[in-house]
file run39.cif (mmCIF, C-alpha atoms and all ligand atoms)
data_protein
#
loop_
_atom_site.label_atom_id
_atom_site.label_comp_id
_atom_site.auth_asym_id
_atom_site.auth_seq_id
_atom_site.Cartn_x
_atom_site.Cartn_y
_atom_site.Cartn_z
CA PRO A 1 89.99 119.44 84.19
CA ARG A 2 93.78 119.40 83.78
CA ILE A 3 95.71 116.35 82.58
CA VAL A 4 99.46 115.75 82.77
CA VAL A 5 100.75 113.04 80.40
CA LEU A 6 103.96 111.06 80.96
CA ILE A 7 105.72 109.51 77.95
CA SER A 8 109.01 107.86 77.09
CA GLY A 9 108.86 107.34 73.35
CA PHE A 10 106.85 107.56 70.15
CA GLY A 11 103.84 109.15 71.81
CA SER A 12 101.09 107.70 69.62
CA ASN A 13 98.87 107.46 72.70
CA LEU A 14 99.71 111.05 73.63
CA GLN A 15 98.68 112.00 70.09
CA ALA A 16 95.37 110.22 70.60
CA LEU A 17 94.82 112.28 73.76
CA ILE A 18 95.75 115.53 71.97
CA ASP A 19 93.39 114.72 69.09
CA ALA A 20 90.58 113.86 71.53
CA VAL A 21 91.00 117.18 73.34
CA ASN A 22 90.95 119.00 70.00
CA ASN A 23 87.84 117.20 68.71
CA GLY A 24 86.00 117.49 72.02
CA THR A 25 85.78 113.79 72.92
CA LEU A 26 88.04 114.44 75.92
CA LYS A 27 86.82 117.47 77.83
CA ALA A 28 90.07 118.46 79.49
CA THR A 29 93.28 120.31 78.80
CA ILE A 30 96.70 118.71 78.68
CA SER A 31 98.71 121.08 80.88
CA LEU A 32 102.07 119.35 80.65
CA VAL A 33 103.84 116.48 78.89
CA VAL A 34 106.74 114.91 80.77
CA SER A 35 109.20 112.67 78.96
CA SER A 36 111.78 110.44 80.61
CA LYS A 37 113.76 110.62 77.35
CA ALA A 38 115.04 113.77 75.63
CA THR A 39 114.78 112.00 72.29
CA ALA A 40 111.12 110.95 72.65
CA TYR A 41 109.24 111.76 69.44
CA GLY A 42 106.22 112.45 71.65
CA LEU A 43 107.89 115.71 72.70
CA LYS A 44 107.53 116.95 69.12
CA ARG A 45 103.85 116.07 69.21
CA ALA A 46 103.41 118.11 72.41
CA GLU A 47 105.33 121.06 70.97
CA ALA A 48 103.25 120.97 67.79
CA ALA A 49 100.16 121.16 70.01
CA ASN A 50 101.65 124.06 72.04
CA ILE A 51 101.67 121.95 75.20
CA PRO A 52 104.41 122.70 77.75
CA THR A 53 107.00 119.92 77.99
CA LEU A 54 109.42 118.74 80.65
CA VAL A 55 112.30 116.40 79.85
CA PHE A 56 113.10 114.57 83.07
CA PRO A 57 115.63 111.74 82.52
CA LEU A 58 116.48 109.38 85.33
CA GLN A 59 120.06 109.12 84.09
CA ALA A 60 120.79 112.71 85.16
CA TYR A 61 120.00 111.69 88.75
CA ARG A 62 122.16 108.60 88.48
CA ASP A 63 125.05 110.66 87.03
CA ALA A 64 124.67 113.08 89.96
CA GLY A 65 124.74 110.19 92.45
CA LYS A 66 121.17 110.97 93.45
CA SER A 67 118.71 108.22 94.32
CA ARG A 68 115.72 106.87 92.40
CA ILE A 69 113.54 107.98 95.29
CA GLU A 70 114.81 111.55 94.92
CA TYR A 71 113.91 111.32 91.23
CA ASP A 72 110.40 110.17 92.04
CA ILE A 73 109.86 112.87 94.65
CA ASP A 74 111.19 115.65 92.40
CA LEU A 75 109.11 114.36 89.48
CA ALA A 76 105.96 114.39 91.63
CA THR A 77 106.75 117.90 92.87
CA LYS A 78 107.17 119.25 89.35
CA ILE A 79 103.93 117.63 88.19
CA LYS A 80 102.02 118.83 91.27
CA ALA A 81 102.91 122.40 90.32
CA TYR A 82 100.54 122.00 87.34
CA GLU A 83 97.74 120.91 89.71
CA PRO A 84 96.58 117.99 87.51
CA ASP A 85 93.22 116.35 88.10
CA LEU A 86 94.56 113.30 86.26
CA VAL A 87 98.04 111.97 85.48
CA VAL A 88 98.14 109.61 82.47
CA LEU A 89 101.08 107.27 81.87
CA ALA A 90 101.09 106.76 78.09
CA GLY A 91 104.07 104.72 77.02
CA TRP A 92 105.93 105.74 80.21
CA MET A 93 108.68 103.21 80.79
CA LEU A 94 109.76 103.84 84.39
CA ILE A 95 108.37 102.22 87.52
CA LEU A 96 106.91 104.86 89.85
CA SER A 97 107.39 104.20 93.56
CA ASN A 98 105.09 105.03 96.41
CA GLN A 99 107.19 108.17 97.00
CA PHE A 100 105.76 109.41 93.70
CA LEU A 101 102.25 108.02 94.04
CA GLU A 102 101.67 109.25 97.59
CA HIS A 103 101.71 112.82 96.23
CA PHE A 104 98.54 112.03 94.28
CA ALA A 105 95.15 110.96 95.53
CA GLN A 106 93.89 107.49 94.65
CA LYS A 107 92.57 107.17 91.09
CA THR A 108 94.55 110.22 89.96
CA VAL A 109 97.27 108.25 88.19
CA ILE A 110 96.28 105.85 85.39
CA ASN A 111 98.37 103.73 83.05
CA LEU A 112 97.78 102.17 79.67
CA HIS A 113 99.13 98.64 79.35
CA PRO A 114 98.93 96.49 76.20
CA ALA A 115 97.83 93.26 77.92
CA LEU A 116 94.94 91.81 79.93
CA PRO A 117 94.99 92.22 83.73
CA GLY A 118 97.67 90.07 85.33
CA GLN A 119 98.75 88.41 82.05
CA PHE A 120 101.94 90.05 80.82
CA ASP A 121 102.96 92.68 83.38
CA GLY A 122 106.03 94.74 82.56
CA THR A 123 107.80 95.47 79.32
CA ASP A 124 107.47 93.84 75.91
CA ALA A 125 103.94 92.65 76.71
CA ILE A 126 102.76 92.45 73.09
CA ARG A 127 105.65 90.25 71.95
CA ARG A 128 105.29 88.02 75.03
CA ALA A 129 101.57 87.58 74.31
CA TYR A 130 102.32 86.79 70.67
CA GLU A 131 104.83 84.10 71.66
CA ALA A 132 102.43 82.63 74.23
CA TYR A 133 99.80 82.45 71.48
CA LYS A 134 102.26 80.67 69.16
CA ARG A 135 102.91 78.17 71.96
CA GLY A 136 99.15 77.57 72.18
CA GLU A 137 98.98 79.00 75.72
CA ILE A 138 96.48 81.80 75.02
CA GLN A 139 93.80 82.44 72.38
CA ASN A 140 93.76 86.24 72.56
CA THR A 141 95.27 89.19 74.40
CA GLY A 142 94.06 92.70 75.19
CA VAL A 143 94.62 96.24 76.39
CA MET A 144 93.81 97.80 79.71
CA VAL A 145 93.81 101.15 81.46
CA HIS A 146 94.33 100.77 85.18
CA LYS A 147 94.94 102.81 88.32
CA VAL A 148 98.63 102.96 89.16
CA ILE A 149 99.87 101.37 92.39
CA PRO A 150 103.51 100.54 93.25
CA GLU A 151 103.21 96.97 91.85
CA VAL A 152 103.89 97.20 88.12
CA ASP A 153 100.74 97.02 85.97
CA ARG A 154 98.78 95.58 88.91
CA GLY A 155 96.38 98.39 89.77
CA GLU A 156 92.61 98.03 89.53
CA PRO A 157 91.61 98.02 85.85
CA ILE A 158 89.17 100.74 84.81
CA MET A 159 88.91 99.75 81.12
CA VAL A 160 89.70 96.37 79.60
CA GLU A 161 89.30 95.30 75.98
CA GLU A 162 90.21 91.91 74.53
CA VAL A 163 92.16 91.85 71.28
CA ALA A 164 92.00 88.88 68.92
CA ILE A 165 95.15 87.19 67.69
CA LEU A 166 94.78 85.61 64.23
CA GLU A 167 96.59 82.52 62.97
CA THR A 168 97.93 84.62 60.09
CA ASP A 169 99.20 87.41 62.37
CA THR A 170 102.78 88.49 62.35
CA LEU A 171 103.98 90.31 65.47
CA ASP A 172 103.63 93.56 63.52
CA ASP A 173 100.01 92.72 62.69
CA LEU A 174 99.24 92.19 66.37
CA GLU A 175 101.13 95.34 67.40
CA ALA A 176 99.11 97.38 64.91
CA ARG A 177 95.82 95.90 66.09
CA ILE A 178 96.76 96.53 69.75
CA HIS A 179 97.87 100.11 69.13
CA SER A 180 94.61 100.96 67.38
CA VAL A 181 92.73 99.64 70.44
CA GLU A 182 95.07 101.57 72.75
CA HIS A 183 94.38 104.87 70.99
CA ARG A 184 90.67 104.43 71.63
CA LEU A 185 90.92 102.92 75.14
CA ILE A 186 93.19 105.62 76.53
CA ILE A 187 90.50 108.21 75.76
CA ALA A 188 87.74 106.07 77.26
CA GLY A 189 89.92 105.40 80.32
CA ALA A 190 90.76 109.07 80.82
CA ASN A 191 87.08 110.04 80.50
CA LYS A 192 86.08 107.34 82.97
CA ALA A 193 88.76 108.38 85.46
CA LEU A 194 87.73 112.05 85.20
CA HIS A 195 84.09 111.05 85.66
CA GLU A 196 84.96 109.00 88.76
CA LEU A 197 86.92 112.00 90.07
CA ASN A 198 83.86 114.17 89.41
CA VAL A 199 85.95 116.63 87.44
C1 LIG A 201 102.37 101.25 73.72
O1 LIG A 201 102.11 99.86 73.50
C2 LIG A 201 102.21 101.56 75.19
O2 LIG A 201 101.12 100.92 75.80
C3 LIG A 201 103.50 101.04 75.71
O3 LIG A 201 104.44 101.63 74.81
C4 LIG A 201 103.87 101.53 73.50
C5 LIG A 201 104.14 102.80 72.73
O4 LIG A 201 103.30 103.80 73.19
N1 LIG A 201 103.73 101.34 77.07
P1 LIG A 201 103.37 105.30 72.55
O5 LIG A 201 103.28 105.15 71.04
O6 LIG A 201 104.70 105.88 72.98
O7 LIG A 201 102.19 106.00 73.13
#
call {"tool": "encode", "arguments": {"input": "run39.cif", "output": "structure tokens"}}
result
Amino acid sequence: PRIVVLISGFGSNLQALIDAVNNGTLKATISLVVSSKATAYGLKRAEAANIPTLVFPLQAYRDAGKSRIEYDIDLATKIKAYEPDLVVLAGWMLILSNQFLEHFAQKTVINLHPALPGQFDGTDAIRRAYEAYKRGEIQNTGVMVHKVIPEVDRGEPIMVEEVAILETDTLDDLEARIHSVEHRLIIAGANKALHELNV
């Protein structure tokens, strides 16, 4: 099966996917890596793994007076050309509209989000969880892989793992603990999605 991975930054989750393909725990090929940022370090990871890359910044559309919808449609068209069985959003920081998602069958697009279902949707989830913990509002947080629908981080979860927050934790401690769970869960989520897609 073919996977297309979308990134916007450091790409540590992309690296986990690359490593899993190389060590056989993810039986698929990564056909393309798309980045919304030209400066994303994840692009170097893809290049080092000889994976084709596409830099596709939204700003170029804005500068050309083109709409967000046009961006989404063109992005979907470019990805479709690689005929992916699965599209994985791994640290992708743009909201994808229905005009993007309707090009892909249900279940084909999954996202990794560093929070429990419905708890801290959107950006900066780890810091928001940490602050909620410090206010005594939550005892722990988590990571999930979910199917992507137009509502941000609201699709049906396919993998969920709770992550403990310790009294002694700094935000960095929690980030590190969450990222290590992410790097495992994104593989498990991709395998589960591929299994559900029978590919
Ligand atoms: C991760 O917490 C990811 O879930 C979030 O961005 C962070 C960085 O991901 N969306 P990566 O290192 O770019 O994969």
call {"tool": "atom_distance", "arguments": {"input": "run39.cif", "atom1": "CA of Lys192 (chain A)", "atom2": "CA of Val109 (chain A)"}}
result
12.4 Å
call {"tool": "residues_near_point", "arguments": {"input": "run39.cif", "point": "(103.6, 98.7, 80.6)", "cutoff": "10 Å", "atoms": "all atoms listed in the file", "output": "ChimeraX atom specification"}}
result
/A:89-95,111-115,120-126,144,152-153
call {"tool": "residues_around", "arguments": {"input": "run39.cif", "residues": "Glu156 (chain A)", "least_positions_apart": "6", "cutoff": "9 Å", "atoms": "all atoms listed in the file", "output": "list of chain:residue names"}}
result
A:Pro117, A:Val145, A:His146, A:Lys147, A:Val148, A:Ile149
call {"tool": "closest_residue", "arguments": {"input": "run39.cif", "among": "A:Gln119, A:Asn198, A:Ser97, A:Asn191", "to": "Leu17 (chain A)", "atoms": "only C-alpha atoms"}}
result
A:Asn191
call {"tool": "closest_residue", "arguments": {"input": "run39.cif", "among": "A:Ala129, A:Val33, A:Ala64, A:Leu86", "to": "Gln106 (chain A)", "atoms": "all atoms listed in the file"}}
result
A:Leu86
call {"tool": "atom_distance", "arguments": {"input": "run39.cif", "atom1": "atom C3 of ligand LIG 201 (chain A)", "atom2": "CA of Ala38 (chain A)"}}
result
17.2 Å
call {"tool": "closest_residue", "arguments": {"input": "run39.cif", "among": "A:Arg154, A:Arg2, A:Arg45, A:His195", "to": "ligand LIG 201 (chain A)", "atoms": "all atoms listed in the file"}}
result
A:Arg45
call {"tool": "atom_distance", "arguments": {"input": "run39.cif", "atom1": "CA of Glu151 (chain A)", "atom2": "atom O3 of ligand LIG 201 (chain A)"}}
result
17.7 Å
call {"tool": "closest_residue", "arguments": {"input": "run39.cif", "among": "A:Met159, A:Gln59, A:Ile3, A:Val181", "to": "Leu26 (chain A)", "atoms": "only C-alpha atoms"}}
result
A:Ile3
call {"tool": "axis_aligned_box", "arguments": {"input": "run39.cif", "around": "ligand LIG 201 (chain A)", "padding_each_side": "8 Å", "output": "AutoDock Vina command-line options"}}
result
--center_x 102.9 --center_y 102.9 --center_z 74.1 --size_x 19.6 --size_y 22.1 --size_z 22.0
call {"tool": "residues_near_point", "arguments": {"input": "run39.cif", "point": "(110.3, 112.3, 97.4)", "cutoff": "10 Å", "atoms": "all atoms listed in the file", "output": "CSV table (one decimal) with C-alpha atoms, in the frame of the given file"}}
result
chain,number,residue,atom,x,y,z
A,67,SER,CA,118.7,108.2,94.3
A,68,ARG,CA,115.7,106.9,92.4
A,69,ILE,CA,113.5,108.0,95.3
A,70,GLU,CA,114.8,111.6,94.9
A,71,TYR,CA,113.9,111.3,91.2
A,72,ASP,CA,110.4,110.2,92.0
A,73,ILE,CA,109.9,112.9,94.6
A,74,ASP,CA,111.2,115.6,92.4
A,75,LEU,CA,109.1,114.4,89.5
A,76,ALA,CA,106.0,114.4,91.6
A,77,THR,CA,106.8,117.9,92.9
A,97,SER,CA,107.4,104.2,93.6
A,98,ASN,CA,105.1,105.0,96.4
A,99,GLN,CA,107.2,108.2,97.0
A,100,PHE,CA,105.8,109.4,93.7
A,101,LEU,CA,102.2,108.0,94.0
A,102,GLU,CA,101.7,109.2,97.6
A,103,HIS,CA,101.7,112.8,96.2
call {"tool": "residues_around", "arguments": {"input": "run39.cif", "residues": "Ala20 (chain A)", "least_positions_apart": "6", "cutoff": "12 Å", "atoms": "all atoms listed in the file", "output": "ChimeraX atom specification"}}
result
/A:13-14,26-30,183-188,190-191
call {"tool": "write_last_selection", "arguments": {"input": "run39.cif", "atoms": "C-alpha atoms", "output": "CSV table (one decimal), keeping the file's coordinate frame"}}
result
chain,number,residue,atom,x,y,z
A,13,ASN,CA,98.9,107.5,72.7
A,14,LEU,CA,99.7,111.0,73.6
A,26,LEU,CA,88.0,114.4,75.9
A,27,LYS,CA,86.8,117.5,77.8
A,28,ALA,CA,90.1,118.5,79.5
A,29,THR,CA,93.3,120.3,78.8
A,30,ILE,CA,96.7,118.7,78.7
A,183,HIS,CA,94.4,104.9,71.0
A,184,ARG,CA,90.7,104.4,71.6
A,185,LEU,CA,90.9,102.9,75.1
A,186,ILE,CA,93.2,105.6,76.5
A,187,ILE,CA,90.5,108.2,75.8
A,188,ALA,CA,87.7,106.1,77.3
A,190,ALA,CA,90.8,109.1,80.8
A,191,ASN,CA,87.1,110.0,80.5
